[in-house]
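What follows is the content of target_1.txt (compact mmCIF, C-alpha atoms).
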```txt
# COMPACT_ATOMS: atom_id res chain seq x y z
CA MET A 1 90.70 -163.73 42.97
CA SER A 2 92.97 -164.95 45.78
CA PHE A 3 94.41 -162.73 48.48
CA TYR A 4 97.85 -163.39 47.01
CA GLN A 5 96.74 -162.24 43.58
CA ASN A 6 95.39 -159.06 45.15
CA LEU A 7 98.76 -158.45 46.85
CA LYS A 8 100.54 -159.01 43.54
CA THR A 9 98.19 -156.63 41.72
CA LEU A 10 98.95 -154.00 44.39
CA ASN A 11 102.71 -154.63 43.99
CA ILE A 12 102.99 -155.66 47.63
CA GLU A 13 105.65 -158.12 48.69
CA LEU A 14 105.16 -159.15 52.29
CA PRO A 15 108.16 -158.48 54.54
CA ASN A 16 109.64 -160.83 57.10
CA VAL A 17 107.71 -160.88 60.34
CA ALA A 18 109.14 -158.46 62.88
CA THR A 19 110.43 -159.65 66.22
CA PRO A 20 108.88 -158.35 69.43
CA ALA A 21 110.49 -155.21 70.86
CA ALA A 22 109.54 -156.12 74.45
CA ALA A 23 107.98 -158.93 76.53
CA TYR A 24 105.17 -160.12 74.22
CA VAL A 25 104.52 -162.34 71.20
CA MET A 26 103.63 -161.05 67.75
CA TYR A 27 100.33 -162.93 67.75
CA ALA A 28 98.24 -165.23 69.90
CA GLN A 29 95.45 -167.51 68.78
CA THR A 30 92.50 -168.84 70.75
CA GLY A 31 90.05 -170.98 68.84
CA ASN A 32 89.54 -169.42 65.41
CA THR A 33 90.53 -165.92 66.55
CA VAL A 34 93.99 -164.47 66.01
CA PHE A 35 95.08 -161.40 67.98
CA ILE A 36 97.99 -159.59 66.37
CA SER A 37 100.05 -157.32 68.60
CA GLY A 38 100.40 -153.67 67.77
CA HIS A 39 102.78 -152.97 64.91
CA ILE A 40 104.41 -149.56 64.57
CA ALA A 41 104.90 -147.72 61.31
CA LYS A 42 108.20 -148.23 59.51
CA LYS A 43 109.66 -146.48 56.51
CA ALA A 44 112.69 -147.91 54.71
CA GLY A 45 113.10 -150.43 57.54
CA LYS A 46 113.29 -147.82 60.31
CA VAL A 47 110.70 -146.52 62.74
CA TRP A 48 108.55 -143.89 61.01
CA VAL A 49 108.84 -141.13 63.58
CA GLY A 50 106.48 -138.18 63.73
CA GLN A 51 103.49 -136.55 65.31
CA LEU A 52 100.34 -135.80 63.32
CA GLY A 53 99.41 -132.16 63.54
CA LYS A 54 102.99 -131.14 64.33
CA ASP A 55 105.47 -132.46 61.77
CA MET A 56 103.18 -134.77 59.76
CA GLN A 57 99.97 -134.18 57.86
CA THR A 58 97.03 -136.55 57.39
CA ALA A 59 98.12 -137.83 53.96
CA GLU A 60 101.53 -138.92 55.25
CA GLY A 61 99.93 -140.50 58.30
CA LYS A 62 97.62 -142.44 56.00
CA GLU A 63 100.67 -143.76 54.11
CA ALA A 64 102.19 -144.80 57.44
CA ALA A 65 99.00 -146.65 58.42
CA ARG A 66 99.05 -148.45 55.08
CA ALA A 67 102.66 -149.50 55.72
CA VAL A 68 101.61 -150.87 59.12
CA ALA A 69 98.83 -152.85 57.43
CA VAL A 70 101.36 -154.53 55.12
CA ASP A 71 103.36 -155.64 58.17
CA LEU A 72 100.18 -156.83 59.91
CA ILE A 73 99.27 -158.94 56.87
CA ALA A 74 102.74 -160.54 56.97
CA THR A 75 102.24 -161.43 60.64
CA LEU A 76 98.73 -162.70 59.91
CA GLN A 77 100.20 -164.95 57.22
CA ALA A 78 102.62 -166.38 59.79
CA ALA A 79 99.73 -166.92 62.21
CA CYS A 80 97.93 -168.84 59.46
CA GLY A 81 100.85 -171.23 59.03
CA GLY A 82 101.99 -169.41 55.91
CA ASP A 83 98.61 -169.48 54.12
CA LEU A 84 96.59 -166.25 54.01
CA ASN A 85 93.80 -168.13 52.27
CA ARG A 86 92.87 -169.43 55.74
CA VAL A 87 91.69 -165.93 56.70
CA ARG A 88 87.90 -165.92 57.08
CA ARG A 89 87.68 -162.21 57.90
CA ILE A 90 89.36 -159.22 59.43
CA VAL A 91 87.27 -158.63 62.56
CA LYS A 92 88.66 -155.54 64.31
CA VAL A 93 91.36 -152.93 63.86
CA MET A 94 92.56 -150.62 66.61
CA SER A 95 94.74 -147.69 65.61
CA LEU A 96 96.79 -145.36 67.79
CA VAL A 97 97.88 -142.14 66.11
CA ASN A 98 100.66 -140.09 67.69
CA SER A 99 99.04 -136.67 67.46
CA THR A 100 98.79 -133.22 68.95
CA PRO A 101 95.78 -132.43 71.15
CA ASP A 102 94.14 -130.40 68.38
CA PHE A 103 94.59 -133.00 65.60
CA THR A 104 91.22 -134.62 64.87
CA GLU A 105 91.78 -136.73 61.75
CA GLN A 106 92.88 -140.01 63.36
CA HIS A 107 90.03 -141.74 61.53
CA LEU A 108 91.34 -140.52 58.17
CA VAL A 109 94.89 -141.64 59.00
CA THR A 110 93.58 -145.09 59.91
CA ASN A 111 91.82 -145.33 56.55
CA GLY A 112 95.26 -146.11 55.10
CA ALA A 113 95.13 -149.50 56.82
CA SER A 114 91.39 -150.11 56.49
CA GLU A 115 91.37 -149.43 52.76
CA LEU A 116 94.29 -151.80 52.18
CA PHE A 117 92.54 -154.59 54.11
CA GLY A 118 89.56 -154.09 51.82
CA GLN A 119 91.73 -154.17 48.70
CA VAL A 120 93.49 -157.36 49.77
CA PHE A 121 90.67 -159.29 51.45
CA GLY A 122 87.61 -157.89 49.68
CA ASP A 123 84.41 -158.31 51.70
CA LYS A 124 86.39 -160.35 54.24
CA GLY A 125 88.42 -157.21 54.93
CA ALA A 126 85.43 -155.18 56.21
CA HIS A 127 85.99 -154.72 59.93
CA ALA A 128 84.99 -152.94 63.10
CA ARG A 129 87.47 -150.24 64.07
CA SER A 130 88.67 -147.76 66.67
CA ALA A 131 91.08 -144.89 66.03
CA PHE A 132 92.59 -142.93 68.89
CA GLY A 133 94.87 -139.96 69.20
CA VAL A 134 97.63 -140.52 71.76
CA ALA A 135 100.39 -138.36 73.21
CA GLN A 136 103.18 -140.77 72.25
CA ILE A 137 103.87 -144.21 70.80
CA PRO A 138 106.95 -146.36 71.54
CA MET A 139 110.11 -145.16 69.81
CA GLY A 140 108.31 -142.02 68.61
CA ALA A 141 106.41 -143.88 65.88
CA CYS A 142 103.62 -141.96 64.22
CA VAL A 143 101.10 -144.83 64.07
CA GLU A 144 100.59 -148.18 65.81
CA ILE A 145 97.87 -150.63 64.79
CA GLU A 146 96.70 -153.96 66.15
CA LEU A 147 94.42 -156.47 64.46
CA ILE A 148 91.96 -159.24 65.30
CA ALA A 149 91.15 -161.80 62.60
CA GLU A 150 89.12 -164.96 62.26
CA VAL A 151 90.82 -167.97 60.63
```

As structure tokens, please, write out the structure in this file.
Amino acid sequence: MSFYQNLKTLNIELPNVATPAAAYVMYAQTGNTVFISGHIAKKAGKVWVGQLGKDMQTAEGKEAARAVAVDLIATLQAACGGDLNRVRRIVKVMSLVNSTPDFTEQHLVTNGASELFGQVFGDKGAHARSAFGVAQIPMGACVEIELIAEV
């Protein structure tokens, strides 16, 4: 089954690629490796604001991480010249979770993205990963995730 068929089965329509919010590019490629800049969580087209452990719980954070993953896939498609079938594997995911000092479920929040990569890319979606709790993310977003992929 193709990656596009998997997206269709999951009822996911990829959005337009976001524009950078500061002095950076959305992705950079060197050789066969694509580095995708951090994407922040959005809900209904607006920044998904919140702090895990304060005004958000793990389940909602996981939904936010999944939403970030959809945006990352759209950017990855752009990096692949419009063809996700060029993706050889998702290599690494790094997740920043806006959370209180006592919140310890950043890894569970990040599963929202990791699980979606597995559903879309199958074995090629299995990746190394880091998940960190941070005091704040730009614009008050609840989650920011960056991605490294091989094409």

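Across the model, the gap from CA of Gln119 (chain A) to CA of Ile36 (chain A) is 19.5 Å.
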
Exercise for the section: Please identify all polymer residues within 8 Å of Glu146 (chain A), counting all atoms listed in the file, omitting same-chain residues fewer than 2 positions from it, and present them as a PyMOL selection string. Expected result: chain A and resi 35-39+72+93-95+144+148

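Remark: for Ala28 (chain A), the closest of the candidate residues A:Leu84, A:Leu147, A:Leu10, A:Val91 is A:Leu147 (distances computed over only C-alpha atoms).
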
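Among the candidates A:Asp102, A:Gly81, A:Asn6, A:Leu96, the one nearest to Pro138 (chain A) when counting only C-alpha atoms is A:Leu96.
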
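Candidate residues A:Asp83, A:Asp55, A:Asp123, A:Glu13 were compared for distance to Val70 (chain A), and the nearest is A:Glu13, using all atoms listed in the file.
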
Problem - Shell around Lys92 (chain A) at 12 Å using all atoms listed in the file, local window under 4 positions removed, as an NGL selection string - result: :A and (33-36 or 113-114 or 117 or 124-131 or 145-150)

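The gap separating CA of Cys142 (chain A) from CA of Gly122 (chain A) is 26.9 Å, in Å to one decimal.
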
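Minimum atom-to-atom distances from A:Val17, A:Val25, A:Val143, A:Val47 to Ser99 (chain A) were compared using all atoms listed in the file, and the lowest value belongs to A:Val143.
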
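Between Gly53 (chain A) and the candidates A:Val120, A:Ala74, A:Val134, A:Met26, the tightest atom-to-atom separation, counting only C-alpha atoms, involves A:Val134.
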
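Between Asn85 (chain A) and the residues A:Leu7, A:Val151, A:Leu14, A:Ala67, the shortest atom-to-atom distance, using all atoms listed in the file, involves A:Val151.
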
The centre and edge lengths of an axis-aligned box containing all atoms of region 106-114 of chain A present in the file, extended by 3 Å on each side, are to be given in Å to one decimal, as lines of an AutoDock Vina configuration file.
```
center_x = 92.6
center_y = -145.1
center_z = 59.2
size_x = 11.2
size_y = 16.1
size_z = 14.3
```

Exercise for the section: Name the residues within 9 Å of (102.7, -161.8, 60.6), counting only C-alpha atoms in the file's coordinates, and put them as JSON, numbers by chain. Expected result: {"A": [15, 16, 17, 18, 26, 27, 36, 71, 72, 73, 74, 75, 76, 77, 78, 79, 80, 82]}

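The space separating CA of Val109 (chain A) from CA of Arg66 (chain A) comes to 8.9 Å.
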
Could you name the residues that touch Gln51 (chain A) at 10 Å or less, counting all atoms listed in the file, but leaving out those on the same chain fewer than 3 positions away, as an mmCIF file with C-alpha atoms, keeping the file's coordinate frame?
```cif
data_model
loop_
_atom_site.group_PDB
_atom_site.id
_atom_site.type_symbol
_atom_site.label_atom_id
_atom_site.label_comp_id
_atom_site.auth_asym_id
_atom_site.auth_seq_id
_atom_site.Cartn_x
_atom_site.Cartn_y
_atom_site.Cartn_z
ATOM 1 C CA TRP A 48 108.550 -143.890 61.010
ATOM 2 C CA LYS A 54 102.990 -131.140 64.330
ATOM 3 C CA ASP A 55 105.470 -132.460 61.770
ATOM 4 C CA MET A 56 103.180 -134.770 59.760
ATOM 5 C CA GLN A 57 99.970 -134.180 57.860
ATOM 6 C CA GLY A 61 99.930 -140.500 58.300
ATOM 7 C CA VAL A 97 97.880 -142.140 66.110
ATOM 8 C CA ASN A 98 100.660 -140.090 67.690
ATOM 9 C CA SER A 99 99.040 -136.670 67.460
ATOM 10 C CA THR A 100 98.790 -133.220 68.950
ATOM 11 C CA PHE A 103 94.590 -133.000 65.600
ATOM 12 C CA VAL A 134 97.630 -140.520 71.760
ATOM 13 C CA ALA A 135 100.390 -138.360 73.210
ATOM 14 C CA GLN A 136 103.180 -140.770 72.250
ATOM 15 C CA ILE A 137 103.870 -144.210 70.800
ATOM 16 C CA GLY A 140 108.310 -142.020 68.610
ATOM 17 C CA ALA A 141 106.410 -143.880 65.880
ATOM 18 C CA CYS A 142 103.620 -141.960 64.220
ATOM 19 C CA VAL A 143 101.100 -144.830 64.070
#
```

Please complete region 1-12 of chain A with all heavy atoms and give it back as a compact mmCIF listing (two decimals), in the coordinates of the input.
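The file below, out_1.txt, is the result:
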```txt
# COMPACT_ATOMS: atom_id res chain seq x y z
N MET A 1 89.29 -164.05 42.93
CA MET A 1 90.70 -163.73 42.97
C MET A 1 91.23 -164.01 44.38
O MET A 1 90.59 -163.69 45.37
CB MET A 1 90.89 -162.26 42.60
CG MET A 1 92.34 -161.90 42.36
SD MET A 1 92.58 -160.19 41.80
CE MET A 1 91.91 -160.25 40.16
N SER A 2 92.40 -164.61 44.48
CA SER A 2 92.97 -164.95 45.78
C SER A 2 93.59 -163.72 46.44
O SER A 2 93.91 -162.72 45.79
CB SER A 2 94.03 -166.04 45.63
OG SER A 2 95.25 -165.49 45.18
N PHE A 3 93.76 -163.82 47.74
CA PHE A 3 94.41 -162.73 48.48
C PHE A 3 95.81 -162.48 47.93
O PHE A 3 96.26 -161.34 47.84
CB PHE A 3 94.48 -163.05 49.97
CG PHE A 3 93.14 -163.34 50.61
CD1 PHE A 3 93.04 -164.26 51.62
CD2 PHE A 3 91.99 -162.67 50.21
CE1 PHE A 3 91.81 -164.53 52.23
CE2 PHE A 3 90.76 -162.92 50.80
CZ PHE A 3 90.68 -163.87 51.82
N TYR A 4 96.49 -163.54 47.54
CA TYR A 4 97.85 -163.39 47.01
C TYR A 4 97.85 -162.67 45.67
O TYR A 4 98.74 -161.87 45.39
CB TYR A 4 98.55 -164.75 46.92
CG TYR A 4 98.86 -165.31 48.28
CD1 TYR A 4 98.10 -166.32 48.82
CD2 TYR A 4 99.91 -164.79 49.03
CE1 TYR A 4 98.37 -166.83 50.09
CE2 TYR A 4 100.19 -165.28 50.30
CZ TYR A 4 99.42 -166.30 50.82
OH TYR A 4 99.70 -166.78 52.07
N GLN A 5 96.85 -162.94 44.85
CA GLN A 5 96.74 -162.24 43.58
C GLN A 5 96.49 -160.76 43.82
O GLN A 5 97.04 -159.90 43.13
CB GLN A 5 95.63 -162.84 42.71
CG GLN A 5 95.54 -162.20 41.34
CD GLN A 5 96.82 -162.32 40.53
OE1 GLN A 5 97.42 -163.39 40.47
NE2 GLN A 5 97.26 -161.23 39.93
N ASN A 6 95.65 -160.46 44.81
CA ASN A 6 95.39 -159.06 45.15
C ASN A 6 96.68 -158.36 45.60
O ASN A 6 96.94 -157.22 45.21
CB ASN A 6 94.33 -158.95 46.24
CG ASN A 6 92.97 -159.42 45.76
OD1 ASN A 6 92.72 -159.54 44.57
ND2 ASN A 6 92.09 -159.70 46.70
N LEU A 7 97.48 -159.03 46.41
CA LEU A 7 98.76 -158.45 46.85
C LEU A 7 99.66 -158.20 45.64
O LEU A 7 100.30 -157.14 45.53
CB LEU A 7 99.46 -159.36 47.85
CG LEU A 7 98.85 -159.43 49.24
CD1 LEU A 7 99.43 -160.59 50.03
CD2 LEU A 7 99.05 -158.11 49.99
N LYS A 8 99.70 -159.16 44.73
CA LYS A 8 100.54 -159.01 43.54
C LYS A 8 100.07 -157.83 42.69
O LYS A 8 100.88 -157.03 42.21
CB LYS A 8 100.52 -160.31 42.73
CG LYS A 8 101.44 -160.30 41.54
CD LYS A 8 101.45 -161.65 40.84
CE LYS A 8 102.39 -161.61 39.65
NZ LYS A 8 102.45 -162.88 38.94
N THR A 9 98.76 -157.73 42.50
CA THR A 9 98.19 -156.63 41.72
C THR A 9 98.54 -155.27 42.34
O THR A 9 98.78 -154.30 41.63
CB THR A 9 96.65 -156.78 41.63
OG1 THR A 9 96.36 -158.01 40.96
CG2 THR A 9 96.02 -155.63 40.87
N LEU A 10 98.61 -155.23 43.67
CA LEU A 10 98.95 -154.00 44.39
C LEU A 10 100.46 -153.79 44.51
O LEU A 10 100.90 -152.83 45.13
CB LEU A 10 98.33 -154.04 45.79
CG LEU A 10 96.80 -154.00 45.84
CD1 LEU A 10 96.30 -154.40 47.23
CD2 LEU A 10 96.29 -152.61 45.46
N ASN A 11 101.24 -154.69 43.91
CA ASN A 11 102.71 -154.63 43.99
C ASN A 11 103.22 -154.67 45.42
O ASN A 11 104.15 -153.95 45.79
CB ASN A 11 103.26 -153.37 43.30
CG ASN A 11 103.46 -153.57 41.83
OD1 ASN A 11 103.65 -154.70 41.37
ND2 ASN A 11 103.41 -152.49 41.08
N ILE A 12 102.59 -155.52 46.23
CA ILE A 12 102.99 -155.66 47.63
C ILE A 12 103.69 -156.99 47.82
O ILE A 12 103.12 -158.05 47.53
CB ILE A 12 101.78 -155.57 48.58
CG1 ILE A 12 101.18 -154.17 48.51
CG2 ILE A 12 102.18 -155.93 50.01
CD1 ILE A 12 99.90 -153.99 49.28
```
